[in-house]
$ cat work02.tsv   # TSV, C-alpha atoms
chain	number	residue	atom	x	y	z
A	17	MET	CA	-1.52	-0.84	-25.17
A	18	MET	CA	1.52	-1.20	-27.38
A	19	THR	CA	2.90	-4.75	-27.47
A	20	SER	CA	6.62	-5.38	-27.68
A	21	THR	CA	8.02	-8.02	-30.03
A	22	ARG	CA	10.83	-9.03	-27.63
A	23	THR	CA	11.09	-12.73	-26.98
A	24	ASP	CA	13.67	-12.69	-24.14
A	25	PRO	CA	11.82	-13.64	-20.95
A	26	ILE	CA	10.78	-11.11	-18.35
A	27	ILE	CA	10.75	-12.77	-14.93
A	28	VAL	CA	8.37	-11.39	-12.29
A	29	ALA	CA	9.64	-12.86	-9.02
A	30	GLY	CA	6.95	-12.95	-6.36
A	31	THR	CA	3.19	-13.54	-6.40
A	32	GLY	CA	1.93	-11.14	-3.77
A	33	HIS	CA	-0.40	-8.39	-4.89
A	34	VAL	CA	2.33	-6.27	-6.48
A	35	GLY	CA	3.87	-9.28	-8.22
A	36	LEU	CA	0.52	-10.39	-9.65
A	37	ILE	CA	-0.35	-6.87	-10.81
A	38	ALA	CA	3.10	-6.54	-12.40
A	39	ALA	CA	2.79	-9.87	-14.22
A	40	ILE	CA	-0.68	-9.00	-15.54
A	41	ALA	CA	0.35	-5.50	-16.63
A	42	LEU	CA	3.51	-6.70	-18.35
A	43	GLY	CA	1.69	-9.64	-19.90
A	44	ARG	CA	-0.65	-7.22	-21.66
A	45	SER	CA	2.27	-5.30	-23.19
A	46	PHE	CA	5.16	-7.76	-23.61
A	47	GLU	CA	5.65	-11.27	-24.88
A	48	ASN	CA	7.25	-14.09	-22.86
A	49	VAL	CA	6.46	-12.90	-19.33
A	50	ILE	CA	6.99	-15.49	-16.59
A	51	SER	CA	5.38	-15.20	-13.15
A	52	LEU	CA	7.53	-17.05	-10.64
A	53	GLY	CA	6.13	-17.91	-7.22
A	54	VAL	CA	3.48	-19.77	-5.26
A	55	ILE	CA	0.13	-17.95	-5.11
A	56	PRO	CA	-0.80	-17.17	-1.46
A	57	ASN	CA	-3.45	-19.46	0.02
A	58	GLY	CA	-5.86	-16.70	1.06
A	59	THR	CA	-5.27	-16.81	4.83
A	60	ASP	CA	-4.34	-13.11	5.01
A	61	LYS	CA	-7.24	-11.51	6.90
A	62	ARG	CA	-6.11	-7.92	6.34
A	63	THR	CA	-7.70	-5.46	3.94
A	64	THR	CA	-6.10	-2.99	1.57
A	65	ALA	CA	-7.24	0.53	0.74
A	66	LEU	CA	-6.48	1.31	-2.90
A	67	MET	CA	-6.49	5.03	-3.65
A	68	MET	CA	-7.97	6.49	-6.85
A	69	PRO	CA	-4.67	6.84	-8.80
A	70	ALA	CA	-4.01	3.11	-8.22
A	71	ILE	CA	-7.57	2.30	-9.27
A	72	ARG	CA	-7.16	4.30	-12.50
A	73	PHE	CA	-4.07	2.25	-13.28
A	74	LEU	CA	-6.00	-0.96	-12.59
A	75	GLN	CA	-8.65	0.32	-15.01
A	76	ARG	CA	-5.91	0.95	-17.57
A	77	ILE	CA	-4.74	-2.67	-17.38
A	78	GLU	CA	-8.33	-3.98	-17.35
A	79	LEU	CA	-8.37	-5.24	-13.77
A	80	TRP	CA	-10.68	-2.93	-11.86
A	81	ASP	CA	-14.00	-4.24	-13.19
A	82	SER	CA	-13.38	-7.64	-11.57
A	83	ILE	CA	-12.24	-6.06	-8.27
A	84	ALA	CA	-14.90	-3.35	-7.93
A	85	PRO	CA	-17.78	-5.62	-6.79
A	86	HIS	CA	-15.77	-6.54	-3.68
A	87	ALA	CA	-14.70	-2.99	-2.79
A	88	ALA	CA	-16.15	-0.40	-0.40
A	89	PRO	CA	-15.68	3.33	-1.06
A	90	ILE	CA	-13.83	5.69	1.28
A	91	GLY	CA	-15.55	9.02	0.86
A	92	SER	CA	-14.25	10.79	3.96
A	93	MET	CA	-11.23	10.43	6.22
A	94	ARG	CA	-11.02	11.93	9.67
A	95	ILE	CA	-8.29	12.14	12.31
A	96	LEU	CA	-9.20	12.20	15.99
A	97	ASP	CA	-6.93	12.58	19.01
A	98	GLY	CA	-7.31	9.46	21.14
A	99	THR	CA	-4.56	10.33	23.63
A	100	ASN	CA	-4.73	11.57	27.22
A	101	ARG	CA	-1.88	14.04	26.72
A	102	LEU	CA	-1.80	17.64	27.88
A	103	VAL	CA	-1.64	18.93	24.30
A	104	ARG	CA	-4.48	17.43	22.28
A	105	SER	CA	-4.89	17.79	18.53
A	106	PRO	CA	-8.09	19.04	16.89
A	107	ALA	CA	-10.32	16.75	14.86
A	108	VAL	CA	-9.71	17.07	11.12
A	109	THR	CA	-11.98	15.72	8.38
A	110	PHE	CA	-10.95	15.29	4.75
A	111	GLU	CA	-13.71	15.01	2.12
A	112	ALA	CA	-12.99	13.50	-1.29
A	113	SER	CA	-15.50	15.91	-2.80
A	114	GLU	CA	-13.19	18.80	-1.85
A	115	ILE	CA	-10.74	17.66	-4.52
A	116	ASP	CA	-13.33	16.68	-7.11
A	117	GLU	CA	-13.13	12.94	-6.41
A	118	GLU	CA	-16.03	10.53	-5.89
A	119	ALA	CA	-13.94	8.79	-3.20
A	120	PHE	CA	-10.38	8.75	-1.93
A	121	GLY	CA	-10.26	5.07	-2.79
A	122	TYR	CA	-11.80	1.69	-2.04
A	123	ASN	CA	-11.15	-0.88	0.68
A	124	ILE	CA	-10.80	-4.54	-0.35
A	125	PRO	CA	-10.19	-7.75	1.67
A	126	ASN	CA	-6.70	-9.07	0.86
A	127	ALA	CA	-7.88	-12.65	0.35
A	128	THR	CA	-10.48	-11.47	-2.16
A	129	LEU	CA	-7.93	-9.31	-3.96
A	130	THR	CA	-5.53	-12.27	-4.21
A	131	LYS	CA	-8.25	-14.54	-5.60
A	132	THR	CA	-9.32	-11.94	-8.16
A	133	LEU	CA	-5.77	-11.24	-9.32
A	134	ASN	CA	-5.02	-14.96	-9.56
A	135	ALA	CA	-8.07	-15.43	-11.82
A	136	ALA	CA	-7.00	-12.45	-13.95
A	137	LEU	CA	-3.48	-13.87	-14.33
A	138	LYS	CA	-4.96	-16.92	-16.05
A	139	GLN	CA	-6.61	-14.69	-18.65
A	140	VAL	CA	-3.40	-13.05	-19.92
A	141	PRO	CA	-0.53	-14.62	-21.91
A	142	VAL	CA	1.74	-15.09	-18.89
A	143	ARG	CA	3.41	-18.35	-17.94
A	144	HIS	CA	3.02	-19.02	-14.24
A	145	VAL	CA	5.58	-21.27	-12.55
A	146	ALA	CA	4.46	-22.26	-9.04
A	147	ALA	CA	7.96	-22.23	-7.57
A	148	SER	CA	10.09	-19.55	-5.97
A	149	ALA	CA	13.42	-18.34	-7.31
A	150	ALA	CA	16.30	-20.13	-5.58
A	151	ARG	CA	19.35	-18.57	-7.27
A	152	TYR	CA	20.25	-15.75	-9.61
A	153	HIS	CA	23.38	-15.77	-11.78
A	154	PRO	CA	24.22	-12.65	-13.83
A	155	VAL	CA	25.39	-13.55	-17.34
A	156	GLU	CA	26.11	-11.39	-20.36
A	157	ASN	CA	23.09	-9.14	-21.09
A	158	ALA	CA	20.82	-11.45	-19.07
A	159	THR	CA	20.21	-13.06	-15.69
A	160	ALA	CA	20.08	-16.82	-15.20
A	161	VAL	CA	17.32	-17.78	-12.76
A	162	GLU	CA	17.09	-21.16	-11.06
A	163	ALA	CA	13.71	-21.97	-9.51
A	164	SER	CA	13.11	-24.13	-6.45
A	165	ASP	CA	11.59	-26.84	-8.65
A	166	GLY	CA	14.79	-27.08	-10.71
A	167	SER	CA	13.54	-25.01	-13.66
A	168	MET	CA	16.11	-22.75	-15.31
A	169	PHE	CA	15.43	-19.48	-17.12
A	170	SER	CA	17.50	-16.82	-18.83
A	171	ALA	CA	15.78	-13.49	-18.21
A	172	ASN	CA	16.37	-10.19	-19.94
A	173	ILE	CA	15.17	-8.45	-16.77
A	174	VAL	CA	13.83	-9.50	-13.37
A	175	ILE	CA	11.06	-7.65	-11.56
A	176	ALA	CA	11.82	-8.18	-7.86
A	177	ALA	CA	8.39	-8.31	-6.23
A	178	ASP	CA	9.59	-10.97	-3.79
A	179	GLY	CA	9.14	-9.05	-0.55
A	180	ARG	CA	11.24	-7.34	2.07
A	181	SER	CA	13.79	-10.19	2.22
A	182	SER	CA	14.17	-10.08	-1.56
A	183	LEU	CA	16.64	-12.60	-2.95
A	184	ALA	CA	16.57	-10.81	-6.31
A	185	ARG	CA	17.50	-7.50	-4.67
A	186	GLU	CA	20.42	-9.17	-2.91
A	187	ALA	CA	21.58	-10.85	-6.12
A	188	ALA	CA	21.55	-7.49	-7.90
A	189	GLY	CA	23.95	-6.10	-5.31
A	190	ILE	CA	21.42	-3.66	-3.85
A	191	SER	CA	21.77	-3.24	-0.10
A	192	ALA	CA	18.96	-1.99	2.10
A	193	ARG	CA	18.70	-0.09	5.37
A	194	THR	CA	16.23	-1.71	7.75
A	195	TRP	CA	14.87	-0.79	11.15
A	196	GLN	CA	12.34	-2.05	13.69
A	197	TYR	CA	9.59	-0.27	15.59
A	198	ASN	CA	8.50	-1.20	19.08
A	199	GLN	CA	5.02	-1.60	17.66
A	200	THR	CA	2.71	-4.36	16.49
A	201	ALA	CA	-0.28	-3.97	14.18
A	202	LEU	CA	-3.37	-5.92	15.24
A	203	VAL	CA	-5.66	-6.39	12.23
A	204	LEU	CA	-9.24	-7.65	12.13
A	205	SER	CA	-12.67	-6.92	10.68
A	206	PHE	CA	-15.89	-6.33	12.56
A	207	SER	CA	-19.58	-5.61	12.09
A	208	HIS	CA	-21.35	-2.73	13.84
A	209	THR	CA	-24.89	-1.57	14.45
A	210	ARG	CA	-24.52	1.95	13.03
A	211	GLU	CA	-23.74	3.02	9.46
A	212	HIS	CA	-20.18	4.11	8.75
A	213	HIS	CA	-21.33	6.39	5.88
A	214	ASP	CA	-18.14	5.55	3.94
A	215	ILE	CA	-16.04	7.36	6.56
A	216	SER	CA	-12.63	6.09	7.67
A	217	THR	CA	-11.58	7.24	11.15
A	218	GLU	CA	-8.02	7.27	12.45
A	219	PHE	CA	-7.54	7.75	16.18
A	220	HIS	CA	-4.05	8.90	17.10
A	221	THR	CA	-2.99	7.20	20.32
A	222	GLU	CA	0.19	7.24	22.42
A	223	HIS	CA	1.27	3.94	20.84
A	224	GLY	CA	0.29	4.51	17.20
A	225	PRO	CA	-2.81	4.91	15.02
A	226	PHE	CA	-6.06	3.04	15.55
A	227	THR	CA	-7.65	3.08	12.08
A	228	GLN	CA	-11.14	1.97	11.07
A	229	VAL	CA	-11.78	1.63	7.33
A	230	PRO	CA	-15.22	0.97	5.76
A	231	LEU	CA	-16.17	-2.36	4.25
A	232	ALA	CA	-19.42	-3.17	2.44
A	233	GLY	CA	-22.53	-2.90	4.59
A	234	LYS	CA	-22.29	-2.29	8.31
A	235	ARG	CA	-18.77	-3.68	8.48
A	236	SER	CA	-15.30	-2.21	8.84
A	237	SER	CA	-11.70	-3.34	8.97
A	238	LEU	CA	-9.34	-2.24	11.73
A	239	VAL	CA	-5.62	-1.69	12.05
A	240	TRP	CA	-4.74	-1.16	15.71
A	241	VAL	CA	-1.08	-0.21	16.13
A	242	THR	CA	0.10	-0.65	19.70
A	243	THR	CA	2.95	-2.05	21.78
A	244	PRO	CA	3.88	-5.73	21.32
A	245	ALA	CA	2.85	-6.47	24.92
A	246	HIS	CA	-0.54	-4.83	24.50
A	247	ALA	CA	-1.10	-6.61	21.18
A	248	ALA	CA	-0.36	-9.95	22.86
A	249	GLU	CA	-2.85	-9.07	25.62
A	250	LEU	CA	-5.54	-8.21	23.04
A	251	LEU	CA	-4.96	-11.48	21.19
A	252	ASP	CA	-5.60	-13.41	24.40
A	253	LEU	CA	-9.06	-11.90	24.81
A	254	THR	CA	-12.24	-13.63	23.76
A	255	ALA	CA	-14.02	-12.23	20.70
A	256	GLU	CA	-16.62	-10.61	22.96
A	257	GLN	CA	-13.99	-9.01	25.20
A	258	LEU	CA	-12.03	-7.72	22.20
A	259	ALA	CA	-15.21	-6.29	20.68
A	260	MET	CA	-15.78	-4.31	23.88
A	261	ARG	CA	-12.22	-2.93	23.73
A	262	VAL	CA	-12.70	-1.88	20.10
A	263	GLU	CA	-16.04	-0.23	20.85
A	264	GLU	CA	-14.56	1.63	23.82
A	265	ARG	CA	-11.58	2.86	21.81
A	266	MET	CA	-13.96	4.08	19.09
A	267	GLN	CA	-16.15	5.81	21.71
A	268	SER	CA	-19.12	3.76	20.42
A	269	MET	CA	-19.34	5.93	17.29
A	270	LEU	CA	-20.38	2.86	15.25
A	271	GLY	CA	-22.54	1.36	17.98
A	272	ALA	CA	-22.14	-2.20	19.23
A	273	VAL	CA	-19.26	-4.15	17.70
A	274	THR	CA	-19.01	-7.83	16.77
A	275	ILE	CA	-15.65	-9.29	15.72
A	276	ASP	CA	-16.32	-11.34	12.57
A	277	VAL	CA	-12.78	-11.93	11.28
A	278	GLU	CA	-10.22	-13.44	13.65
A	279	PRO	CA	-7.46	-10.97	14.58
A	280	GLN	CA	-3.90	-11.32	13.36
A	281	ALA	CA	-0.79	-9.44	14.52
A	282	TRP	CA	2.18	-8.14	12.52
A	283	PRO	CA	5.37	-6.55	13.92
A	284	LEU	CA	6.20	-3.21	12.31
A	285	SER	CA	9.47	-2.44	10.58
A	286	GLY	CA	10.93	-0.20	7.90
A	287	LEU	CA	13.14	-0.70	4.85
A	288	VAL	CA	14.58	1.47	2.12
A	289	PRO	CA	17.17	0.22	-0.44
A	290	THR	CA	20.18	2.12	-1.75
A	291	ALA	CA	18.85	1.83	-5.33
A	292	PHE	CA	15.61	0.78	-6.98
A	293	ALA	CA	17.13	-0.92	-10.02
A	294	ARG	CA	20.53	-2.39	-10.83
A	295	ASN	CA	22.02	-5.17	-12.92
A	296	ARG	CA	18.76	-5.88	-14.81
A	297	VAL	CA	16.75	-6.15	-11.58
A	298	PHE	CA	13.89	-3.68	-10.92
A	299	LEU	CA	12.47	-3.47	-7.41
A	300	ALA	CA	8.72	-3.28	-6.82
A	301	GLY	CA	6.57	-3.55	-3.71
A	302	GLU	CA	8.14	-4.45	-0.39
A	303	SER	CA	11.52	-5.20	-1.94
A	304	ALA	CA	11.64	-1.41	-2.53
A	305	HIS	CA	9.83	0.04	0.50
A	306	VAL	CA	8.47	-1.03	3.88
A	307	PHE	CA	6.90	1.25	6.48
A	308	PRO	CA	4.06	1.32	9.05
A	309	PRO	CA	0.43	1.10	7.87
A	310	ILE	CA	-0.30	4.84	8.00
A	311	GLY	CA	-2.12	6.75	5.28
A	312	ALA	CA	-2.78	3.71	3.05
A	313	GLN	CA	0.54	4.07	1.27
A	314	GLY	CA	1.93	0.51	1.05
A	315	LEU	CA	0.23	-1.22	-1.88
A	316	ASN	CA	-0.52	2.12	-3.53
A	317	LEU	CA	3.20	2.82	-3.67
A	318	GLY	CA	3.72	-0.68	-5.08
A	319	VAL	CA	1.14	-0.03	-7.82
A	320	ARG	CA	3.05	3.15	-8.71
A	321	ASP	CA	6.20	1.03	-8.99
A	322	VAL	CA	4.45	-1.13	-11.58
A	323	GLU	CA	2.96	1.86	-13.39
A	324	THR	CA	6.36	3.55	-13.59
A	325	LEU	CA	7.95	0.33	-14.79
A	326	LEU	CA	5.38	-0.07	-17.54
A	327	ASP	CA	5.90	3.53	-18.65
A	328	THR	CA	9.70	3.22	-18.50
A	329	LEU	CA	10.39	-0.08	-20.26
A	330	PRO	CA	10.89	0.45	-24.02
A	331	ALA	CA	8.27	-1.24	-26.21
A	332	ASP	CA	10.26	-0.92	-29.45
A	333	GLY	CA	12.22	-4.15	-29.09
A	334	SER	CA	15.32	-2.54	-27.55
A	335	ASP	CA	17.10	-3.89	-24.49
A	336	LEU	CA	14.81	-3.67	-21.45
A	337	GLY	CA	17.74	-3.89	-19.05
A	338	ALA	CA	19.93	-1.25	-20.68
A	339	ALA	CA	21.73	1.18	-18.39
A	340	THR	CA	19.52	4.05	-19.59
A	341	VAL	CA	16.35	2.17	-18.63
A	342	VAL	CA	17.76	1.26	-15.20
A	343	SER	CA	18.80	4.87	-14.64
A	344	ALA	CA	15.38	6.18	-15.69
A	345	TYR	CA	13.53	3.87	-13.28
A	346	ASN	CA	15.81	4.89	-10.41
A	347	ARG	CA	15.34	8.56	-11.23
A	348	LYS	CA	11.55	8.28	-11.37
A	349	ARG	CA	11.00	6.16	-8.26
A	350	SER	CA	13.57	7.61	-5.83
A	351	PRO	CA	11.80	10.90	-4.92
A	352	ASP	CA	8.40	9.26	-4.39
A	353	ILE	CA	9.62	6.33	-2.30
A	354	ILE	CA	12.10	8.26	-0.18
A	355	ALA	CA	9.61	11.07	0.50
A	356	ARG	CA	6.77	8.68	1.42
A	357	THR	CA	9.00	6.54	3.64
A	358	GLY	CA	10.32	9.61	5.45
A	359	ALA	CA	6.89	11.17	5.89
A	360	VAL	CA	5.27	8.01	7.28
A	361	ASP	CA	8.23	7.40	9.60
A	362	ALA	CA	8.15	10.99	10.90
A	363	LEU	CA	4.38	10.92	11.48
A	364	ASN	CA	4.58	7.60	13.29
A	365	ARG	CA	7.41	8.78	15.53
A	366	SER	CA	5.57	12.02	16.28
A	367	LEU	CA	2.65	9.98	17.63
A	368	LEU	CA	5.00	8.11	19.97
A	369	SER	CA	6.89	11.16	21.23
A	370	ASP	CA	6.22	12.47	24.74
A	371	PHE	CA	8.32	15.55	23.97
A	372	LEU	CA	5.97	18.51	24.46
A	373	PRO	CA	7.30	20.65	21.55
A	374	VAL	CA	6.73	17.74	19.13
A	375	GLN	CA	3.14	17.40	20.37
A	376	MET	CA	2.61	21.15	19.97
A	377	VAL	CA	3.93	21.13	16.40
A	378	ARG	CA	1.71	18.18	15.45
A	379	SER	CA	-1.34	19.79	17.06
A	380	GLY	CA	-0.63	23.11	15.36
A	381	GLY	CA	-0.20	21.44	11.99
A	382	LEU	CA	-3.54	19.63	12.29
A	383	GLU	CA	-5.26	22.86	13.37
A	384	LEU	CA	-3.87	24.57	10.27
A	385	LEU	CA	-5.21	21.75	8.10
A	386	ARG	CA	-8.60	22.01	9.79
A	387	THR	CA	-8.98	25.75	9.24
A	388	PHE	CA	-7.13	26.40	5.97
A	389	SER	CA	-8.89	24.59	3.13
A	390	PRO	CA	-6.28	25.32	0.37
A	391	LEU	CA	-3.61	23.56	2.44
A	392	ARG	CA	-6.00	20.72	3.24
A	393	SER	CA	-6.81	20.28	-0.47
A	394	PHE	CA	-3.11	20.37	-1.35
A	395	LEU	CA	-2.32	17.65	1.18
A	396	MET	CA	-5.19	15.46	-0.01
A	397	ARG	CA	-4.14	15.67	-3.66
A	398	GLU	CA	-0.49	15.14	-2.79
A	399	GLY	CA	-1.41	12.17	-0.62
A	400	LEU	CA	-3.09	10.48	-3.57
A	401	ARG	CA	-0.31	11.10	-6.09
A	402	PRO	CA	3.03	12.92	-5.68
A	403	GLY	CA	3.18	16.19	-7.56
A	404	SER	CA	-0.59	16.46	-8.00
A	405	GLY	CA	-0.89	18.87	-5.08
A	406	PHE	CA	0.45	21.64	-7.28
A	407	ARG	CA	-2.36	21.43	-9.81
A	408	TRP	CA	-6.10	21.04	-9.57
A	409	PRO	CA	-7.07	17.55	-10.75
A	410	ARG	CA	-8.80	17.25	-14.09
A	411	ARG	CA	-12.38	16.08	-14.09
A	412	GLU	CA	-13.21	12.64	-15.42
A	413	ALA	CA	-14.20	14.03	-18.81
A	414	ASP	CA	-10.73	15.51	-19.21
A	415	ARG	CA	-8.86	12.37	-18.17
A	416	VAL	CA	-9.66	10.37	-21.32
$ encode --input "work02.tsv" --output "C-alpha cells"
Amino acid sequence: MMTSTRTDPIIVAGTGHVGLIAAIALGRSFENVISLGVIPNGTDKRTTALMMPAIRFLQRIELWDSIAPHAAPIGSMRILDGTNRLVRSPAVTFEASEIDEEAFGYNIPNATLTKTLNAALKQVPVRHVAASAARYHPVENATAVEASDGSMFSANIVIAADGRSSLAREAAGISARTWQYNQTALVLSFSHTREHHDISTEFHTEHGPFTQVPLAGKRSSLVWVTTPAHAAELLDLTAEQLAMRVEERMQSMLGAVTIDVEPQAWPLSGLVPTAFARNRVFLAGESAHVFPPIGAQGLNLGVRDVETLLDTLPADGSDLGAATVVSAYNRKRSPDIIARTGAVDALNRSLLSDFLPVQMVRSGGLELLRTFSPLRSFLMREGLRPGSGFRWPRREADRV
C-alpha cells in the first residue's frame, strides 16, 4: 500500500469492529492515526457473517489470516417458509458455487473477532487512547477533539465509527432519520447432533426471520427475530426448554439441540443519515446505517465504508478533509447504503404484513428465484457487492 507523508492526526472514533478495522487499515497507509475508544470486553455473544468481498478487503489489509482459523464457511443459503399463512412461499436454495465462489462468506463469533482485531491493532503504527471522545470543536482546517480522559487532539479528519448515537456525526451537523420496529432479535449459539454441511437456513415467520448460520463443527449460531413479548418469554425459559423450542422451529433438521451460549436480546431499529461525510467527519458503521439483521448486511456494509474511505482519501499529502474528498465519499457511499437500507426494510416489513397481495408478491418473487437461475445468480452476486450482479465475477486467478 502507498503510505502518506501527512503528519496531521487522523482520529478514528469508536473501537467496535468497524472502528478497529478502520484504524488498522488507515494505520497501514497513513502516519499519525489515533484510535479513540475503549475496546469492548468480549461479552457480545453474537456472531457475524462476513461475505467474500469483505474478506478480500481484510486480506488486502493483512487481517484475514489471523481471523480465518476461527471462521466457519457458508457454502449454501436457503430460505424456507415457516409461517401458517394461506399463501406460502417456495423453498429457495442459493449455492455459492453457482457464482464461482468457494463460499458466500464465513461466520465468526463477535468476541473472537474483537480479540483478533485488538491484537492486530497492536501490530500497526496506530496510537490507541482508551477513552471515548467527549467533545468536538471545529477549527480552521481541523477538528479539535477532547477525550473523556482530558486528552486533547487536533485532527485533520475524524472517522465516526462511534455507533448509532454518534457524537461525531452530531458535531458535524449531520442529522439522521431513525425508526423502531416492534421486533426483538434473540441471539444465541447451539450444538446439534446432525451436520449442517455449511448450510445457513433462514425461516421466514410471521414475526421476522429465524436464521441459523453454521459455526465450526456441529454448532450453529441463531438470530431469532420475534415480538418483544415473545422474546421475553423465550428468555425466561430454561436452556433445555429453549433448546426444544429451537429444535421445533427448525423442524429437527439438525437433530437434537443443546444451547451452549447464553441467549441475549436486542431491540431492532433503523437509521439513515442525511449525509455520510461533512465538516471533516466521515461516517462508518452504525453511525452511517442501522437496519434489521437480514441478509448479513450490517458489518459487511461497514467494511465497505472503510474500503471506500481508504480508496477515497488522497495519499499524496493533500488535505484529507477537503471539500472534494468529502463530496467523493458521499457520492460513493450514498447509493449502496440507501439501497441496502431500503431493501432490508422492505423485506422485513413484507414478512410482517398480513396483506394478501403483499404475501402473493413475495411468494411469486421467491418462486421466480427458485426456477430462473440467471436471476438467482444476479441476486447472489448483487447481494455480495453492489454492481457486481451485472458482470460475471472474475476467477481467483484474474483477481490478482
$ closest_residue --input "work02.tsv" --among "A:Ala339, A:Leu270, A:Leu287, A:Ala248" --to "Arg180 in chain A" --atoms "only C-alpha atoms"
A:Leu287
$ residues_around --input "work02.tsv" --residues "range 254-264 of chain A" --least-positions-apart "3" --cutoff "12 Å" --atoms "all atoms listed in the file" --output "JSON, numbers by chain"
{"A": [98, 202, 203, 204, 205, 206, 207, 208, 209, 210, 219, 226, 227, 228, 236, 237, 238, 239, 240, 246, 247, 248, 249, 250, 251, 267, 268, 269, 270, 271, 272, 273, 274, 275, 276, 277, 278, 279]}
$ atom_distance --input "work02.tsv" --atom1 "CA of Gly399 in chain A" --atom2 "CA of Thr357 in chain A"
12.6 Å
$ residues_around --input "work02.tsv" --residues "Lys131 in chain A" --least-positions-apart "3" --cutoff "9 Å" --atoms "all atoms listed in the file" --output "PDB file with C-alpha atoms, in the coordinates of the input"
ATOM      1  CA  PRO A  56      -0.800 -17.170  -1.460  1.00  0.00           C
ATOM      2  CA  ASN A  57      -3.450 -19.460   0.020  1.00  0.00           C
ATOM      3  CA  GLY A  58      -5.860 -16.700   1.060  1.00  0.00           C
ATOM      4  CA  ASN A 126      -6.700  -9.070   0.860  1.00  0.00           C
ATOM      5  CA  ALA A 127      -7.880 -12.650   0.350  1.00  0.00           C
ATOM      6  CA  THR A 128     -10.480 -11.470  -2.160  1.00  0.00           C
ATOM      7  CA  ASN A 134      -5.020 -14.960  -9.560  1.00  0.00           C
ATOM      8  CA  ALA A 135      -8.070 -15.430 -11.820  1.00  0.00           C
ATOM      9  CA  ALA A 136      -7.000 -12.450 -13.950  1.00  0.00           C
TER      10      ALA A 136
END
$ atom_distance --input "work02.tsv" --atom1 "CA of Val140 in chain A" --atom2 "CA of Leu42 in chain A"
9.5 Å
$ residues_near_point --input "work02.tsv" --point "(4.8, -4.1, -10.9)" --cutoff "9 Å" --atoms "all atoms listed in the file" --output "compact mmCIF listing (two decimals) with C-alpha atoms, in the coordinates of the input"
# COMPACT_ATOMS: atom_id res chain seq x y z
CA VAL A 28 8.37 -11.39 -12.29
CA VAL A 34 2.33 -6.27 -6.48
CA GLY A 35 3.87 -9.28 -8.22
CA LEU A 36 0.52 -10.39 -9.65
CA ILE A 37 -0.35 -6.87 -10.81
CA ALA A 38 3.10 -6.54 -12.40
CA ALA A 39 2.79 -9.87 -14.22
CA ILE A 40 -0.68 -9.00 -15.54
CA ALA A 41 0.35 -5.50 -16.63
CA LEU A 42 3.51 -6.70 -18.35
CA ILE A 175 11.06 -7.65 -11.56
CA ALA A 176 11.82 -8.18 -7.86
CA ALA A 177 8.39 -8.31 -6.23
CA LEU A 299 12.47 -3.47 -7.41
CA ALA A 300 8.72 -3.28 -6.82
CA GLY A 301 6.57 -3.55 -3.71
CA GLY A 318 3.72 -0.68 -5.08
CA VAL A 319 1.14 -0.03 -7.82
CA ARG A 320 3.05 3.15 -8.71
CA ASP A 321 6.20 1.03 -8.99
CA VAL A 322 4.45 -1.13 -11.58
CA GLU A 323 2.96 1.86 -13.39
CA THR A 324 6.36 3.55 -13.59
CA LEU A 325 7.95 0.33 -14.79
CA LEU A 326 5.38 -0.07 -17.54
$ atom_distance --input "work02.tsv" --atom1 "CA of Val174 in chain A" --atom2 "CA of Ala29 in chain A"
6.9 Å
$ closest_residue --input "work02.tsv" --among "A:Ser191, A:Gln280, A:Ser182, A:Thr109" --to "Ser148 in chain A" --atoms "all atoms listed in the file"
A:Ser182
$ closest_residue --input "work02.tsv" --among "A:Leu284, A:Ile215, A:Met266, A:Met168" --to "Asn198 in chain A" --atoms "only C-alpha atoms"
A:Leu284
$ closest_residue --input "work02.tsv" --among "A:Gly314, A:Val288, A:Tyr345, A:Ile115" --to "Gly358 in chain A" --atoms "all atoms listed in the file"
A:Val288
